[in-house]
Structures are given as structure tokens and as C-alpha cells.
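The next block is upload.cif, given as mmCIF, C-alpha atoms and all ligand atoms.
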data_target
#
loop_
_atom_site.label_atom_id
_atom_site.label_comp_id
_atom_site.auth_asym_id
_atom_site.auth_seq_id
_atom_site.Cartn_x
_atom_site.Cartn_y
_atom_site.Cartn_z
CA MET C 21 77.79 -29.39 24.58
CA ASP C 22 75.33 -32.29 24.82
CA LYS C 23 73.68 -32.17 21.40
CA LYS C 24 70.80 -34.51 22.21
CA LEU C 25 69.90 -32.62 25.37
CA ASP C 26 70.20 -29.27 23.65
CA GLN C 27 67.98 -30.46 20.79
CA ALA C 28 65.31 -31.78 23.21
CA LYS C 29 65.10 -28.38 24.92
CA ARG C 30 65.01 -26.48 21.63
CA ASP C 31 62.28 -28.77 20.29
CA LEU C 32 60.32 -28.16 23.49
CA VAL C 33 60.44 -24.39 22.92
CA ILE C 34 59.32 -24.84 19.30
CA ALA C 35 56.49 -27.18 20.34
CA ASN C 36 55.30 -24.56 22.87
CA ARG C 37 55.18 -21.89 20.17
CA ILE C 38 53.45 -24.06 17.54
CA LEU C 39 50.83 -25.33 19.96
CA ALA C 40 50.13 -21.78 21.16
CA MET C 41 49.89 -20.44 17.60
CA GLU C 42 47.49 -23.24 16.65
CA GLY C 43 45.29 -22.47 19.68
CA VAL C 44 45.74 -25.91 21.25
CA VAL C 45 47.26 -24.57 24.47
CA ASP C 46 46.00 -21.33 25.99
CA ALA C 47 47.63 -19.56 28.94
CA TYR C 48 47.25 -22.71 31.03
CA GLY C 49 48.27 -25.58 28.77
CA HIS C 50 51.74 -27.13 28.81
CA VAL C 51 53.96 -29.55 26.91
CA SER C 52 57.03 -31.49 28.06
CA VAL C 53 59.81 -33.84 27.00
CA ARG C 54 61.42 -36.73 28.87
CA HIS C 55 65.13 -36.26 29.61
CA PRO C 56 66.93 -37.97 26.71
CA HIS C 57 69.55 -39.53 29.03
CA ASP C 58 67.63 -40.01 32.30
CA PRO C 59 64.13 -41.55 32.09
CA THR C 60 63.39 -40.43 35.67
CA ARG C 61 63.50 -36.75 34.72
CA PHE C 62 61.61 -34.49 32.33
CA PHE C 63 61.77 -30.92 31.04
CA ILE C 64 58.90 -28.44 31.03
CA ALA C 65 58.72 -24.64 31.13
CA ARG C 66 58.36 -22.74 34.38
CA SER C 67 54.80 -21.46 34.86
CA LEU C 68 54.44 -19.31 31.76
CA SER C 69 52.10 -18.92 28.78
CA PRO C 70 53.41 -21.29 26.06
CA GLU C 71 53.58 -18.49 23.48
CA LEU C 72 56.22 -16.74 25.63
CA VAL C 73 58.47 -19.74 26.39
CA THR C 74 62.20 -19.45 25.56
CA LEU C 75 65.18 -21.72 26.35
CA ASP C 76 65.81 -19.88 29.61
CA ASP C 77 62.36 -20.91 30.86
CA ILE C 78 62.93 -24.67 30.55
CA VAL C 79 63.26 -26.44 33.92
CA GLU C 80 64.24 -30.03 34.76
CA TYR C 81 61.89 -32.00 37.05
CA THR C 82 61.80 -35.37 38.79
CA LEU C 83 58.80 -37.54 37.95
CA ASP C 84 57.19 -36.62 41.28
CA GLY C 85 57.22 -32.95 40.33
CA LYS C 86 60.28 -31.54 42.12
CA ALA C 87 62.32 -28.91 40.24
CA ILE C 88 66.09 -29.43 39.91
CA ASP C 89 68.01 -26.27 40.85
CA ASP C 90 65.18 -23.86 40.07
CA THR C 91 62.95 -21.89 42.40
CA ARG C 92 60.72 -20.15 39.86
CA PRO C 93 56.98 -20.94 40.19
CA PRO C 94 56.09 -24.24 38.47
CA TYR C 95 52.95 -25.25 36.59
CA LEU C 96 50.43 -26.46 39.17
CA GLU C 97 49.52 -29.43 36.98
CA ARG C 98 53.11 -30.67 36.33
CA PHE C 99 52.10 -33.91 38.13
CA ILE C 100 50.24 -34.96 34.97
CA HIS C 101 53.54 -35.11 33.07
CA GLY C 102 55.56 -36.96 35.72
CA ALA C 103 52.82 -39.55 36.25
CA LEU C 104 52.41 -40.25 32.54
CA TYR C 105 56.20 -40.68 32.08
CA GLU C 106 56.24 -42.95 35.13
CA LYS C 107 53.43 -45.22 33.93
CA ARG C 108 54.37 -45.21 30.24
CA PRO C 109 58.08 -45.97 29.59
CA ASP C 110 57.39 -45.73 25.82
CA VAL C 111 56.39 -42.06 26.07
CA MET C 112 58.86 -39.25 25.28
CA ASN C 113 56.43 -36.29 25.08
CA VAL C 114 53.35 -35.19 27.01
CA ILE C 115 50.81 -32.42 26.53
CA HIS C 116 48.01 -31.17 28.75
CA ALA C 117 45.58 -28.56 27.41
CA HIS C 118 42.10 -27.16 27.87
CA ALA C 119 41.16 -27.04 24.16
CA GLU C 120 37.44 -26.18 24.29
CA ALA C 121 36.40 -28.32 21.34
CA THR C 122 37.26 -31.49 23.28
CA LEU C 123 35.21 -30.56 26.37
CA PRO C 124 31.70 -31.63 25.21
CA PHE C 125 33.01 -35.16 24.68
CA GLY C 126 34.43 -35.39 28.20
CA ILE C 127 31.27 -33.92 29.71
CA THR C 128 28.75 -36.11 27.85
CA LYS C 129 31.08 -39.14 27.48
CA THR C 130 30.16 -39.27 23.79
CA PRO C 131 33.07 -41.27 22.28
CA LEU C 132 35.66 -38.97 20.67
CA ARG C 133 36.81 -41.05 17.71
CA PRO C 134 39.02 -40.07 14.79
CA VAL C 135 36.77 -39.17 11.84
CA THR C 136 39.31 -37.46 9.56
CA HIS C 137 42.46 -38.93 8.01
CA MET C 138 44.75 -36.49 9.83
CA ALA C 139 43.35 -37.48 13.22
CA GLY C 140 44.05 -41.20 13.02
CA ALA C 141 46.95 -40.90 15.45
CA ILE C 142 44.61 -40.20 18.37
CA GLY C 143 43.64 -43.88 18.27
CA ALA C 144 40.33 -45.73 18.30
CA THR C 145 39.86 -45.43 22.05
CA VAL C 146 39.89 -42.11 23.93
CA PRO C 147 38.98 -42.80 27.57
CA VAL C 148 37.38 -40.16 29.80
CA TRP C 149 38.84 -39.55 33.26
CA ASP C 150 36.44 -38.17 35.85
CA ILE C 151 38.33 -36.87 38.88
CA GLU C 152 35.18 -37.28 40.97
CA ASP C 153 35.25 -41.07 40.69
CA LYS C 154 38.21 -41.40 43.06
CA PHE C 155 38.71 -37.96 44.59
CA GLY C 156 35.14 -36.81 45.26
CA ASP C 157 33.16 -33.75 44.19
CA ALA C 158 35.12 -31.16 46.22
CA THR C 159 38.12 -30.82 43.85
CA ASN C 160 38.61 -27.93 41.42
CA LEU C 161 38.95 -30.58 38.63
CA LEU C 162 42.70 -29.85 38.31
CA VAL C 163 45.43 -32.45 38.82
CA THR C 164 47.28 -31.00 41.81
CA ASN C 165 49.24 -33.99 43.16
CA ARG C 166 51.02 -37.18 42.10
CA GLU C 167 48.21 -39.48 43.24
CA GLN C 168 45.72 -37.77 40.93
CA GLY C 169 48.26 -37.86 38.11
CA LEU C 170 48.81 -41.60 38.52
CA ASP C 171 45.05 -42.20 38.51
CA LEU C 172 44.80 -40.22 35.27
CA ALA C 173 47.65 -42.31 33.82
CA ASP C 174 45.80 -45.52 34.79
CA CYS C 175 42.75 -44.24 32.91
CA LEU C 176 44.84 -43.44 29.82
CA GLY C 177 46.15 -47.02 29.85
CA PRO C 178 47.85 -47.99 26.57
CA ASN C 179 46.06 -45.21 24.61
CA ARG C 180 47.40 -41.87 23.37
CA VAL C 181 44.70 -39.41 24.49
CA VAL C 182 42.64 -39.14 27.66
CA LEU C 183 39.83 -36.61 28.12
CA MET C 184 39.40 -35.02 31.53
CA ARG C 185 35.76 -34.30 32.37
CA GLY C 186 34.99 -30.57 32.49
CA HIS C 187 38.68 -29.70 32.15
CA GLY C 188 40.50 -30.67 28.94
CA PHE C 189 42.74 -33.48 27.74
CA SER C 190 46.17 -35.02 28.18
CA ALA C 191 48.05 -36.88 25.47
CA VAL C 192 51.31 -38.77 24.99
CA HIS C 193 53.58 -39.68 22.09
CA SER C 194 57.00 -41.11 21.35
CA SER C 195 58.09 -37.99 19.41
CA PHE C 196 57.62 -34.22 19.34
CA ILE C 197 56.46 -34.21 15.74
CA GLY C 198 53.93 -36.93 16.49
CA LEU C 199 52.64 -35.21 19.62
CA THR C 200 52.40 -31.77 18.03
CA THR C 201 50.63 -33.01 14.90
CA MET C 202 48.19 -35.13 16.89
CA SER C 203 47.45 -32.27 19.29
CA VAL C 204 46.66 -29.86 16.45
CA TYR C 205 44.27 -32.30 14.76
CA LEU C 206 42.60 -33.48 17.99
CA PRO C 207 40.46 -30.32 18.57
CA ALA C 208 39.84 -30.03 14.80
CA ASN C 209 38.60 -33.62 14.75
CA ALA C 210 36.37 -32.88 17.77
CA ARG C 211 34.80 -29.90 15.97
CA ILE C 212 34.20 -31.91 12.80
CA LEU C 213 32.70 -34.84 14.73
CA LEU C 214 30.42 -32.48 16.68
CA GLU C 215 29.17 -30.88 13.44
CA SER C 216 28.69 -34.31 11.87
CA LEU C 217 26.67 -35.52 14.85
CA ARG C 218 24.43 -32.44 14.47
CA LEU C 219 23.78 -33.42 10.86
CA GLY C 220 22.94 -36.93 11.99
ZN ZN C 301 44.46 -28.29 33.25
#

Would it be possible to restate this file's structure as C-alpha cells?
Amino acid sequence: MDKKLDQAKRDLVIANRILAMEGVVDAYGHVSVRHPHDPTRFFIARSLSPELVTLDDIVEYTLDGKAIDDTRPPYLERFIHGALYEKRPDVMNVIHAHAEATLPFGITKTPLRPVTHMAGAIGATVPVWDIEDKFGDATNLLVTNREQGLDLADCLGPNRVVLMRGHGFSAVHSSFIGLTTMSVYLPANARILLESLRLG
């Protein structure tokens, strides 16, 4: 058995469960891991609520979103993951979620900055990607192809978190523990910042 590969898949299942329990991903969010031996592949669950994901649900994909030996329905927005791995060789883990607390910042473009000590990992700069800028106002705001994913990755640049206007956020990290921790504290930080702004 390939221990490193097995561990990556098991960690992916655990990350799904933690992020679901913490309310970061709802039925539509997803998390992934780059293949530990092949940087041109990644693992993500088949289309399934993260709280239900088990080892049997983990599928291998190419960076352009094609499943390897699996015909079960994929996540529509898997292109986010492939594009971020393609543009960021340093990244080992990706999350995309619709956590509501982050939405006001993407909609108003009020800077989402870390204001608590546990949220420092999100970084000083959190860019906002507006799908309308390049793809017009007739999209459903979702990332449904590689071109949109690559544009999102360009907006993320060297940062860890990118907000997606009217939709949610995507984030990257070099480890599962780092990604999961950051993703739990990102919506919490957004709520605290919003309350602080209300108090002036
Ligand atoms: Zn989405």
C-alpha cells in the first residue's frame, strides 16, 4: 500500500467532515488535495455533501477537470481546484465554499482583513473576483469551466484567500491542517469584523 497516498485520501475525508461540522461548507462546498506523487492530478469527492464523504467517494482528477476511471457525477465547480493547482505549484490543498459571513465583503468590496489572532493566516490581502468583469452579466456566478477557474486563480495571485462576488470564497494552503484551520477562522473573522464595523 502507498502510505502517502492513503494518508492524503484519509485526510481529505477528515477535512470534509470537520469543515461540514464547523459550518464552513454546506451542501455545495468542497475541499481537495493535490496528488502527493503527481502534481498534475488532484483528489476530490464525487458530487456529495461534505458531511457524507467517505473514502469510497474520493475521485482522482486531471487539472482540467477530467475524472480518472470514475463516471459518478462530479462537482460542477471542480475547475476551481484544478486551476488553482495549475497556477500555484506551492499549493497542496484547496477549498471552495459559500460561507455566508464572507459574502457582504465580496458584494461591497469592503476589505476583508484579519482582525483576530487566529485569522492571521488569511493574509493581509484578500482580493475580490467578480466573474462579470471578464465573463459578462449572463453567468450564474458559478465557475463552470477551466477558463473561469484560471481567471479566478489570476485574481488570487500570491494570496491565500479570494472572495467571489455574490458567491463565496476559494482558498489555498500548503497543508490540510493549515487550510482547515484557516477556513474555520475565515467566516468567524468576517463576522467579528462586520460587528466591529457596526460599532465604528
Ligand atoms: Zn460555489

Problem - Distance criterion (all atoms listed in the file): nearest to Val51 of chain C out of C:Val148, C:Ala141, C:Met184, C:Leu199 - result: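 Smallest separation from Val51 of chain C among the options: C:Leu199.
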
Handout entry: Among listed residues C:Asn113, C:Thr159, C:Asn165, C:Thr122, nearest Pro56 of chain C (using all atoms listed in the file)
Key =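 Under the stated criterion, the closest residue is C:Asn113.
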
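Atom CA of Met21 of chain C to atom CA of Leu75 of chain C spans 14.9 Å [interatomic distance, one decimal].
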
Handout entry: Close residues, Leu176 of chain C itself excluded, 8 Å, only C-alpha atoms, min 4 positions apart in chain, as number ranges by chain
Key = C: 146-147, 149, 172, 180-182

Exercise for the section: Would you mind listing the residues within 12 Å of ligand ZN 301 (chain C), counting all atoms listed in the file, as number ranges by chain? Expected result: C: 45-51, 95-101, 115-120, 123, 151, 160-164, 169, 183-190

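Closest to Arg54 of chain C among C:Leu83, C:Ala208, C:Ile127, C:Leu132 is C:Leu83, based on all atoms listed in the file.
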
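Here atom CA of Leu217 of chain C stands at a distance of 29.3 Å from atom CA of Val114 of chain C.
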
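Separating atom CA of Val53 of chain C from atom CA of Gln168 of chain C is a distance of 20.2 Å.
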
How about completing segment 167-178 of chain C with N, CA and C atoms and giving it to me as an mmCIF file, in the frame of the given file?
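result.cif, written as the output of this step:
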data_model
loop_
_atom_site.group_PDB
_atom_site.id
_atom_site.type_symbol
_atom_site.label_atom_id
_atom_site.label_comp_id
_atom_site.auth_asym_id
_atom_site.auth_seq_id
_atom_site.Cartn_x
_atom_site.Cartn_y
_atom_site.Cartn_z
ATOM 1 N N GLU C 167 49.224 -38.423 43.162
ATOM 2 C CA GLU C 167 48.210 -39.480 43.240
ATOM 3 C C GLU C 167 47.140 -39.289 42.153
ATOM 4 N N GLN C 168 46.718 -38.046 41.977
ATOM 5 C CA GLN C 168 45.720 -37.770 40.930
ATOM 6 C C GLN C 168 46.321 -38.012 39.551
ATOM 7 N N GLY C 169 47.590 -37.639 39.382
ATOM 8 C CA GLY C 169 48.260 -37.860 38.110
ATOM 9 C C GLY C 169 48.353 -39.336 37.758
ATOM 10 N N LEU C 170 48.690 -40.161 38.753
ATOM 11 C CA LEU C 170 48.810 -41.600 38.520
ATOM 12 C C LEU C 170 47.452 -42.218 38.189
ATOM 13 N N ASP C 171 46.398 -41.694 38.812
ATOM 14 C CA ASP C 171 45.050 -42.200 38.510
ATOM 15 C C ASP C 171 44.667 -41.848 37.064
ATOM 16 N N LEU C 172 45.039 -40.632 36.662
ATOM 17 C CA LEU C 172 44.800 -40.220 35.270
ATOM 18 C C LEU C 172 45.566 -41.145 34.319
ATOM 19 N N ALA C 173 46.821 -41.446 34.659
ATOM 20 C CA ALA C 173 47.650 -42.310 33.820
ATOM 21 C C ALA C 173 47.048 -43.716 33.718
ATOM 22 N N ASP C 174 46.468 -44.205 34.821
ATOM 23 C CA ASP C 174 45.800 -45.520 34.790
ATOM 24 C C ASP C 174 44.631 -45.489 33.822
ATOM 25 N N CYS C 175 43.897 -44.372 33.812
ATOM 26 C CA CYS C 175 42.750 -44.240 32.910
ATOM 27 C C CYS C 175 43.212 -44.192 31.447
ATOM 28 N N LEU C 176 44.306 -43.495 31.190
ATOM 29 C CA LEU C 176 44.840 -43.440 29.820
ATOM 30 C C LEU C 176 45.191 -44.845 29.332
ATOM 31 N N GLY C 177 45.771 -45.659 30.224
ATOM 32 C CA GLY C 177 46.150 -47.020 29.850
ATOM 33 C C GLY C 177 47.124 -47.026 28.690
ATOM 34 N N PRO C 178 46.909 -47.895 27.699
ATOM 35 C CA PRO C 178 47.850 -47.990 26.570
ATOM 36 C C PRO C 178 47.518 -46.993 25.454
#
